[in-house]
file upload_10.txt (compact mmCIF, C-alpha atoms)
# COMPACT_ATOMS: atom_id res chain seq x y z
CA MET A 249 0.00 0.00 0.00
CA THR A 250 1.37 3.46 -0.85
CA SER A 251 1.56 6.11 1.85
CA GLU A 252 -0.94 8.24 -0.10
CA ALA A 253 -3.52 5.50 0.00
CA THR A 254 -3.06 4.95 3.73
CA ALA A 255 -3.35 8.68 4.42
CA THR A 256 -6.76 9.01 2.79
CA ARG A 257 -8.22 5.88 4.32
CA THR A 258 -10.18 6.33 7.54
CA VAL A 259 -11.55 4.14 10.27
CA THR A 260 -14.55 4.71 12.55
CA LEU A 261 -13.90 4.93 16.29
CA GLU A 262 -16.96 4.46 18.50
CA VAL A 263 -15.89 6.13 21.71
CA PHE A 264 -17.57 5.80 25.10
CA ARG A 265 -18.53 9.24 26.44
CA TYR A 266 -19.75 9.96 29.95
CA HIS A 267 -19.55 13.01 32.20
CA PRO A 268 -21.39 11.96 35.37
CA GLU A 269 -22.16 15.59 36.40
CA ARG A 270 -23.71 16.41 33.03
CA ASP A 271 -25.00 13.23 31.36
CA ASP A 272 -27.85 11.04 32.56
CA ALA A 273 -26.39 7.97 30.90
CA PRO A 274 -23.23 7.03 28.99
CA SER A 275 -23.37 7.15 25.20
CA PHE A 276 -21.17 6.33 22.23
CA GLN A 277 -19.83 8.98 19.87
CA SER A 278 -18.55 8.00 16.42
CA TYR A 279 -15.49 9.69 14.94
CA GLU A 280 -13.74 9.20 11.60
CA VAL A 281 -10.01 8.90 12.22
CA PRO A 282 -7.24 8.70 9.58
CA TYR A 283 -6.00 5.14 9.23
CA ARG A 284 -2.25 4.65 9.39
CA GLU A 285 -0.67 1.26 9.44
CA GLU A 286 1.72 2.19 12.27
CA TRP A 287 -0.96 3.79 14.46
CA VAL A 288 -2.25 2.22 17.63
CA VAL A 289 -5.65 2.99 19.19
CA LEU A 290 -3.93 5.46 21.55
CA ASP A 291 -2.52 7.40 18.56
CA ALA A 292 -6.04 7.64 17.15
CA LEU A 293 -7.39 8.90 20.50
CA ASN A 294 -4.57 11.47 20.78
CA TRP A 295 -5.31 12.64 17.22
CA LEU A 296 -8.99 13.01 18.16
CA LYS A 297 -8.17 14.99 21.29
CA ASP A 298 -5.72 17.30 19.44
CA GLU A 299 -7.69 17.82 16.23
CA VAL A 300 -11.38 17.16 16.84
CA ASP A 301 -12.58 17.09 20.44
CA GLY A 302 -10.45 18.39 23.30
CA THR A 303 -12.98 17.25 25.90
CA LEU A 304 -12.19 13.57 25.34
CA SER A 305 -10.72 12.14 28.58
CA TYR A 306 -8.48 9.10 29.06
CA ARG A 307 -5.24 8.20 30.83
CA TRP A 308 -1.95 7.54 29.11
CA SER A 309 1.71 8.15 29.66
CA CYS A 310 4.58 6.11 28.23
CA ARG A 311 3.18 4.89 24.86
CA MET A 312 5.41 1.80 25.08
CA GLY A 313 3.66 -0.79 27.24
CA VAL A 314 5.57 -0.01 30.42
CA CYS A 315 3.49 2.40 32.52
CA GLY A 316 0.18 0.52 32.45
CA SER A 317 -1.99 3.69 32.27
CA CYS A 318 -3.76 3.34 28.93
CA GLY A 319 -5.79 0.17 29.51
CA MET A 320 -9.25 0.32 27.89
CA MET A 321 -11.74 -2.08 26.40
CA VAL A 322 -11.08 -2.26 22.65
CA ASN A 323 -13.86 -4.10 20.81
CA GLY A 324 -14.84 -5.70 24.09
CA ARG A 325 -11.40 -6.98 25.11
CA PRO A 326 -9.18 -5.34 27.75
CA ARG A 327 -6.10 -3.97 25.93
CA LEU A 328 -3.28 -1.51 26.46
CA THR A 329 -4.28 0.97 23.75
CA CYS A 330 -0.58 1.69 23.12
CA ASN A 331 -0.05 -1.81 21.76
CA ALA A 332 -3.43 -2.33 20.07
CA PHE A 333 -2.72 -1.51 16.40
CA LEU A 334 -5.56 -0.11 14.30
CA ARG A 335 -4.66 -2.66 11.62
CA GLU A 336 -5.75 -5.51 13.93
CA PHE A 337 -9.32 -4.19 13.85
CA MET A 338 -9.70 -3.18 10.20
CA PRO A 339 -12.01 -2.45 8.50
CA GLY A 340 -13.52 -1.33 11.81
CA PRO A 341 -15.48 0.13 13.47
CA ILE A 342 -13.38 0.10 16.63
CA ARG A 343 -15.28 0.45 19.88
CA VAL A 344 -13.32 2.02 22.76
CA GLU A 345 -14.68 1.82 26.31
CA PRO A 346 -13.36 2.22 29.87
CA LEU A 347 -12.06 -0.90 31.63
CA ARG A 348 -14.98 -3.11 32.66
CA GLY A 349 -15.76 -3.53 36.34
CA PHE A 350 -14.56 -0.09 37.48
CA PRO A 351 -16.68 3.00 38.19
CA VAL A 352 -16.30 5.68 35.51
CA GLU A 353 -14.89 9.05 36.49
CA ARG A 354 -15.24 10.57 33.02
CA ASP A 355 -15.13 8.99 29.53
CA MET A 356 -12.40 6.30 29.67
CA VAL A 357 -11.03 7.47 33.03
CA THR A 358 -11.97 5.01 35.77
CA VAL A 359 -11.84 5.21 39.59
CA LEU A 360 -8.93 3.08 40.82
CA ASP A 361 -9.33 3.42 44.61
CA ASP A 362 -10.66 -0.13 45.08
CA PHE A 363 -7.70 -1.73 43.30
CA MET A 364 -5.16 0.54 45.00
CA GLY A 365 -6.59 -0.35 48.42
CA LYS A 366 -6.51 -4.08 47.71
CA LEU A 367 -2.97 -3.82 46.37
CA THR A 368 -1.75 -2.35 49.69
CA ASP A 369 -3.81 -4.89 51.67
CA VAL A 370 -1.74 -7.81 50.33
CA LYS A 371 1.51 -6.09 51.42
CA PRO A 372 3.40 -6.41 48.14
CA TRP A 373 6.77 -5.44 49.53
CA MET A 374 9.71 -7.19 51.18
CA ILE A 375 8.94 -8.09 54.79
CA ARG A 376 11.84 -9.13 57.06
CA GLU A 377 11.59 -10.27 60.66
CA GLN A 378 14.93 -8.59 61.22
CA GLU A 379 16.72 -6.35 58.74
CA GLN A 380 20.27 -7.44 58.09
CA PRO A 381 22.77 -4.60 58.75
CA VAL A 382 24.10 -2.92 55.60
CA GLU A 383 27.69 -4.01 56.41
CA GLU A 384 26.64 -7.65 55.93
CA GLY A 385 25.92 -6.91 52.29
CA GLU A 386 23.01 -7.74 50.07
CA TYR A 387 20.48 -10.57 50.44
CA ARG A 388 21.85 -13.12 48.02
CA GLN A 389 19.71 -15.23 45.75
CA THR A 390 20.43 -18.03 43.28
CA PRO A 391 19.12 -17.84 39.67
CA SER A 392 16.65 -20.63 40.42
CA GLN A 393 15.31 -18.77 43.49
CA LEU A 394 14.84 -15.75 41.23
CA ALA A 395 13.10 -17.86 38.59
CA ASP A 396 10.49 -18.94 41.18
CA PHE A 397 8.87 -15.49 41.24
CA LYS A 398 10.36 -13.44 38.41
CA GLN A 399 7.40 -13.64 35.99
CA PHE A 400 5.02 -12.34 38.71
CA SER A 401 7.28 -9.32 39.24
CA MET A 402 6.67 -8.15 35.66
CA CYS A 403 3.19 -6.82 36.59
CA ILE A 404 2.68 -3.14 35.68
CA ASN A 405 -0.65 -2.72 37.55
CA CYS A 406 -2.52 -1.96 34.32
CA MET A 407 -5.64 -3.72 35.64
CA LEU A 408 -6.47 -5.45 32.35
CA CYS A 409 -6.76 -8.68 34.37
CA TYR A 410 -9.41 -7.08 36.60
CA ALA A 411 -11.40 -5.98 33.55
CA ALA A 412 -11.18 -9.54 32.19
CA CYS A 413 -12.20 -11.24 35.44
CA PRO A 414 -15.90 -12.21 35.61
CA VAL A 415 -15.63 -12.57 39.39
CA TYR A 416 -14.24 -9.09 40.08
CA GLU A 417 -17.08 -7.57 38.07
CA HIS A 418 -19.69 -9.02 40.44
CA GLU A 419 -17.90 -9.62 43.74
CA ASP A 420 -16.89 -6.34 45.37
CA GLU A 421 -14.76 -8.01 48.00
CA PHE A 422 -12.64 -10.16 45.68
CA ILE A 423 -8.97 -9.14 45.93
CA GLY A 424 -8.47 -9.99 42.26
CA PRO A 425 -5.75 -11.35 39.97
CA ALA A 426 -2.93 -8.77 39.98
CA ALA A 427 -2.90 -8.21 43.75
CA LEU A 428 -2.97 -11.98 44.40
CA ALA A 429 -0.16 -12.53 41.87
CA LEU A 430 1.94 -9.83 43.55
CA ALA A 431 1.32 -11.36 46.98
CA GLN A 432 2.54 -14.66 45.54
CA ARG A 433 5.54 -12.85 44.01
CA TYR A 434 6.70 -11.83 47.53
CA ASN A 435 5.67 -15.10 49.18
CA LEU A 436 7.86 -16.99 46.71
CA ASP A 437 10.84 -14.66 47.17
CA SER A 438 13.56 -16.36 49.22
CA ARG A 439 14.45 -12.99 50.83
CA ASP A 440 10.92 -12.35 52.09
CA GLN A 441 9.54 -13.51 55.45
CA GLY A 442 6.05 -12.02 55.26
CA ASN A 443 4.11 -15.13 54.23
CA ALA A 444 2.34 -15.45 57.60
CA GLN A 445 1.26 -11.79 57.52
CA ARG A 446 -0.29 -12.13 54.06
CA GLN A 447 -1.87 -15.55 54.62
CA GLU A 448 -5.04 -14.58 56.48
CA LEU A 449 -6.26 -12.31 53.69
CA ILE A 450 -4.91 -14.32 50.75
CA TRP A 451 -6.35 -17.62 52.00
CA SER A 452 -9.78 -16.18 52.85
CA ASP A 453 -12.96 -16.46 50.76
CA GLU A 454 -12.29 -12.93 49.43
CA GLY A 455 -8.78 -14.00 48.41
CA ILE A 456 -7.87 -16.97 46.27
CA TRP A 457 -11.10 -18.91 46.96
CA ASP A 458 -13.33 -16.43 45.14
CA CYS A 459 -11.45 -17.26 41.94
CA THR A 460 -13.49 -19.59 39.72
CA PHE A 461 -10.52 -20.59 37.51
CA VAL A 462 -11.68 -18.82 34.36
CA GLY A 463 -8.11 -17.90 33.40
CA GLU A 464 -8.92 -14.77 31.35
CA CYS A 465 -6.58 -12.75 33.60
CA SER A 466 -3.58 -14.65 32.23
CA ALA A 467 -4.93 -14.52 28.66
CA VAL A 468 -5.14 -10.70 28.57
CA CYS A 469 -1.95 -9.82 30.50
CA PRO A 470 0.28 -7.66 28.25
CA LYS A 471 3.38 -8.59 30.29
CA HIS A 472 2.80 -12.37 30.19
CA VAL A 473 2.32 -12.62 33.91
CA ASP A 474 0.19 -15.64 34.83
CA PRO A 475 -2.08 -14.49 37.70
CA ALA A 476 -4.28 -17.58 37.29
CA GLY A 477 -1.17 -19.72 37.83
CA ALA A 478 -0.22 -17.71 40.93
CA ILE A 479 -3.70 -18.24 42.37
CA GLN A 480 -3.49 -21.99 41.62
CA GLN A 481 -0.11 -22.19 43.40
CA ALA A 482 -1.55 -20.39 46.42
CA LYS A 483 -4.56 -22.73 46.42
CA VAL A 484 -2.25 -25.75 46.60
CA GLU A 485 -0.34 -24.20 49.53
CA ALA A 486 -3.57 -23.24 51.34
CA THR A 487 -5.01 -26.73 50.82
CA ASN A 488 -1.86 -28.45 52.10
CA SER A 489 -1.88 -26.25 55.17
CA PHE A 490 -5.63 -26.88 55.69
CA PHE A 491 -5.17 -30.65 55.82
CA LEU A 492 -1.91 -30.48 57.80
CA SER A 493 -3.68 -28.38 60.43
CA PHE A 494 -5.64 -31.52 61.42
CA LEU A 495 -2.43 -33.35 62.30
CA PRO A 496 -1.35 -33.26 65.93
CA PHE A 497 2.24 -32.51 64.85
CA THR A 498 3.95 -30.51 62.11
CA PRO A 499 5.70 -32.81 59.61
CA PRO A 500 9.37 -31.92 59.08
CA GLY A 501 9.86 -29.28 56.40
CA MET A 502 6.17 -28.32 56.35
CA GLY A 503 6.24 -25.69 59.09
CA ARG A 504 5.17 -22.23 57.99
CA MET B 287 -11.50 -12.99 58.89
CA ARG B 288 -12.98 -16.49 58.94
CA PRO B 289 -10.78 -19.24 57.45
CA SER B 290 -12.32 -20.71 54.32
CA ASN B 291 -13.72 -24.26 54.10
CA GLU B 292 -13.05 -24.16 50.38
CA PRO B 293 -9.72 -26.10 50.57
CA PHE B 294 -11.65 -29.31 51.30
CA PHE B 295 -13.89 -28.99 48.22
CA TRP B 296 -11.02 -27.76 46.10
CA ALA B 297 -8.93 -30.80 47.08
CA MET B 298 -11.78 -33.10 45.96
CA PHE B 299 -12.10 -31.04 42.78
CA SER B 300 -8.37 -31.35 42.06
CA ALA B 301 -8.26 -35.06 42.75
CA GLY B 302 -11.37 -35.52 40.60
CA GLY B 303 -9.83 -33.51 37.77
CA MET B 304 -6.68 -35.62 37.82
CA VAL B 305 -8.59 -38.92 37.92
CA THR B 306 -11.03 -37.79 35.23
CA ALA B 307 -8.28 -36.60 32.90
CA LEU B 308 -6.26 -39.79 33.27
CA LEU B 309 -8.90 -42.52 33.42
CA LEU B 310 -12.10 -41.33 31.77
CA PRO B 311 -10.75 -41.34 28.19
CA VAL B 312 -9.54 -44.92 28.73
CA LEU B 313 -12.92 -45.99 30.09
CA VAL B 314 -14.71 -44.29 27.19
CA VAL B 315 -12.49 -46.08 24.66
CA ILE B 316 -13.05 -49.46 26.33
CA THR B 317 -16.80 -49.24 27.00
CA GLY B 318 -17.76 -46.98 24.12
CA PHE B 319 -15.63 -48.35 21.28
CA LEU B 320 -13.80 -51.59 22.07
CA VAL B 321 -16.86 -53.38 23.53
CA PRO B 322 -19.23 -52.44 20.65
CA ALA B 323 -16.48 -53.30 18.14
CA GLY B 324 -16.21 -56.76 19.69
CA VAL B 325 -12.52 -56.33 20.61
CA VAL B 326 -13.36 -56.70 24.31
CA GLU B 327 -16.04 -59.16 25.44
CA PHE B 328 -18.56 -57.48 27.76
CA ALA B 329 -18.83 -60.60 29.91
CA GLN B 330 -15.06 -60.62 30.27
CA LEU B 331 -15.11 -56.98 31.36
CA GLU B 332 -17.93 -57.68 33.81
CA SER B 333 -16.06 -60.57 35.37
CA LEU B 334 -13.37 -58.09 36.48
CA PHE B 335 -15.90 -56.78 39.00
CA ASP B 336 -15.78 -60.10 40.86
CA PHE B 337 -12.48 -58.87 42.18
CA TRP B 338 -13.36 -56.38 44.98
CA PRO B 339 -10.40 -53.96 44.56
CA VAL B 340 -11.70 -53.25 41.02
CA ARG B 341 -15.09 -52.29 42.45
CA LEU B 342 -13.39 -50.06 44.99
CA VAL B 343 -11.29 -48.28 42.35
CA VAL B 344 -14.31 -47.78 40.05
CA PHE B 345 -16.24 -46.34 42.97
CA GLY B 346 -13.33 -43.97 43.71
CA VAL B 347 -13.28 -42.81 40.08
CA VAL B 348 -17.05 -42.17 40.01
CA PHE B 349 -17.06 -40.44 43.41
CA LEU B 350 -14.16 -38.08 42.59
CA ALA B 351 -15.40 -37.36 39.06
CA LEU B 352 -18.83 -36.42 40.45
CA PHE B 353 -17.28 -34.08 43.03
CA HIS B 354 -15.15 -32.53 40.32
CA ALA B 355 -18.23 -31.93 38.18
CA ALA B 356 -20.28 -30.60 41.13
CA HIS B 357 -17.58 -28.06 42.04
CA ARG B 358 -17.12 -26.93 38.45
CA ILE B 359 -20.87 -26.62 37.82
CA ARG B 360 -21.32 -24.72 41.11
CA HIS B 361 -18.68 -22.11 40.22
CA THR B 362 -19.74 -21.82 36.57
CA LEU B 363 -23.35 -21.18 37.60
CA LYS B 364 -22.10 -18.56 40.08
CA ASP B 365 -20.22 -16.83 37.26
CA LEU B 366 -23.34 -17.01 35.09
CA GLY B 367 -25.25 -14.97 37.65
CA LEU B 368 -26.47 -17.22 40.50
CA ARG B 369 -24.42 -15.36 43.13
CA SER B 370 -27.42 -14.48 45.26
CA VAL B 371 -28.16 -18.17 45.84
CA ALA B 372 -24.52 -19.27 46.23
CA THR B 373 -25.06 -21.31 49.41
CA PRO B 374 -28.15 -23.31 48.31
CA LEU B 375 -26.44 -23.79 44.95
CA ALA B 376 -23.40 -25.32 46.64
CA VAL B 377 -25.64 -27.59 48.74
CA VAL B 378 -27.58 -28.79 45.66
CA CYS B 379 -24.39 -29.45 43.65
CA TYR B 380 -22.59 -31.41 46.38
CA LEU B 381 -25.77 -33.29 47.38
CA GLY B 382 -26.06 -34.30 43.72
CA ALA B 383 -22.50 -35.64 43.83
CA ILE B 384 -23.23 -37.51 47.07
CA ALA B 385 -26.49 -38.94 45.65
CA GLY B 386 -24.65 -40.12 42.53
CA SER B 387 -21.92 -41.70 44.65
CA VAL B 388 -24.44 -43.52 46.83
CA TRP B 389 -26.18 -44.81 43.71
CA ALA B 390 -22.82 -45.97 42.29
CA ALA B 391 -22.09 -47.74 45.58
CA THR B 392 -25.42 -49.60 45.52
CA VAL B 393 -24.78 -50.71 41.92
CA LEU B 394 -21.25 -51.86 42.72
CA VAL B 395 -21.89 -53.72 45.99
call {"tool": "encode", "arguments": {"input": "upload_10.txt", "output": "C-alpha cells"}}
result
Amino acid sequence: MTSEATATRTVTLEVFRYHPERDDAPSFQSYEVPYREEWVVLDALNWLKDEVDGTLSYRWSCRMGVCGSCGMMVNGRPRLTCNAFLREFMPGPIRVEPLRGFPVERDMVTVLDDFMGKLTDVKPWMIREQEQPVEEGEYRQTPSQLADFKQFSMCINCMLCYAACPVYEHEDEFIGPAALALAQRYNLDSRDQGNAQRQELIWSDEGIWDCTFVGECSAVCPKHVDPAGAIQQAKVEATNSFFLSFLPFTPPGMGR
Amino acid sequence: MRPSNEPFFWAMFSAGGMVTALLLPVLVVITGFLVPAGVVEFAQLESLFDFWPVRLVVFGVVFLALFHAAHRIRHTLKDLGLRSVATPLAVVCYLGAIAGSVWAATVLV
C-alpha cells in the first residue's frame, strides 16, 4: 500500500462518552479517524483529542507498554491501547470503552481506589523479621530462586486482568488477579519472610477462593504474567496447610 | 477474617480432575468403542468386578469425578449470575454428587 492511500483511508472509532455531572447515561460517539498502518488505538485517541474534540478524557503516559496507564476495552477486550494496532481491527469500526468492572470518572477514566486499596492490603513489599545490617551486604539469591517469582514481578498494575475477570465484576470483596499474583511474588521470594502476615487475607474467601478458575486474567496480560497460575499455586499451599492443620504434629519441612 | 472451608472442596475437585483426565478417556475407549467393536467381550469386562479392589477403584473414580463436576458446575453457575443463591447452589451441587456416589455404591456392591 502506498503512503498516499493509507493517508486518505479512515476508520470509525466508536468512543464511550460519559460526564457523570452532566449526562444522565453514557453514550457512544462516532469519529472518523485517519487510518495509518503504524498507528495504535492510543494514537487515534490522541489525534482526536488534538484535532477534533479536546474534551475527550483518558489516561496515558509512556506509549510503550511499560506504565500501564492506557488500559481500555477495545472491541470488548481489555487492551493496552498503546499496543493495540488499528490494523488488527480493520475495516472497523473500533469500539473504545473504559475498563470493565470499574466506576467511571469521566469517559475512559476510571476510579482506581478499590484496586489501590486491595494492592496495599496484600503487602506487596519485602517483609523481614529482622533487617540485616548494611555491612553484611546484600540478600543473596540463586538464579533458580529468582526464577520462582520473576514472571510475577513483571506486573505493571494496568488492571487489564481485573477488567477480564468475571468474578471481580460481580464480587466487590474479591482481591483480584494482579494483587494476588503480587502477593505470591513476595511469598515466593527467598528474601521475604512475610508469608504469615499475608496468609489470612490471601487464604480467605475474598482472596484466592473467590477465583473460579476462568483464566482470562492470564490470557489478557500484556506482560505475560500468569495471575491464574499464581492463584493456583496459592490454592495448593492453602489446601496443604488446611489438611496439615488436622495433624497433631507438624511434619518436618512443612512448618510455615 | 474467617478461614475458608473451600480447601476441602477444592482438594476433591483437584483429585477428581486428575482422575477424570487420566482414566475417563480410557474408560470411554473401552466401554464406548472396544466393547461395541467386539474387541473386548462385555462378559469378560464384567467378570473383572468379581475382584473387589476393582469395584473399589471404580467407585473412587465415580465419586471423585462427580465431586469434580459438582464443584465446576457450582462455580460456573455462580459466574453465570447465580451469586445471590450461592449457598443453596453449593448444597444442591454437592448433594447431587453424594447422591450419585451412593447410587454408584449400591450398583457396585
call {"tool": "closest_atom_pairs", "arguments": {"input": "upload_10.txt", "of": "chain B", "to": "chain A", "cutoff": "8 Å", "atoms": "only C-alpha atoms", "output": "Markdown table"}}
result
| residue | atom | partner | partner_atom | distance |
| --- | --- | --- | --- | --- |
| B:Met287 | CA | A:Ser452 | CA | 7.0 |
| B:Arg288 | CA | A:Ser452 | CA | 6.9 |
| B:Pro289 | CA | A:Ser452 | CA | 5.6 |
| B:Ser290 | CA | A:Ser452 | CA | 5.4 |
| B:Glu292 | CA | A:Trp457 | CA | 6.6 |
| B:Pro293 | CA | A:Thr487 | CA | 4.8 |
| B:Phe294 | CA | A:Thr487 | CA | 7.1 |
| B:Trp296 | CA | A:Thr487 | CA | 7.7 |
| B:Ala297 | CA | A:Thr487 | CA | 6.8 |
| B:His361 | CA | A:Thr460 | CA | 5.8 |
| B:Thr362 | CA | A:Thr460 | CA | 7.3 |
| B:Asp365 | CA | A:Pro414 | CA | 6.5 |
call {"tool": "atom_distance", "arguments": {"input": "upload_10.txt", "atom1": "CA of Met407 in chain A", "atom2": "CA of Arg325 in chain A"}}
result
12.4 Å
call {"tool": "residues_near_point", "arguments": {"input": "upload_10.txt", "point": "(-15.0, -30.3, 45.1)", "cutoff": "6 Å", "atoms": "only C-alpha atoms", "output": "PyMOL selection string"}}
result
chain B and resi 295-296+298-299+353-354+357
call {"tool": "atom_distance", "arguments": {"input": "upload_10.txt", "atom1": "CA of Ser317 in chain A", "atom2": "CA of Ile375 in chain A"}}
result
27.7 Å
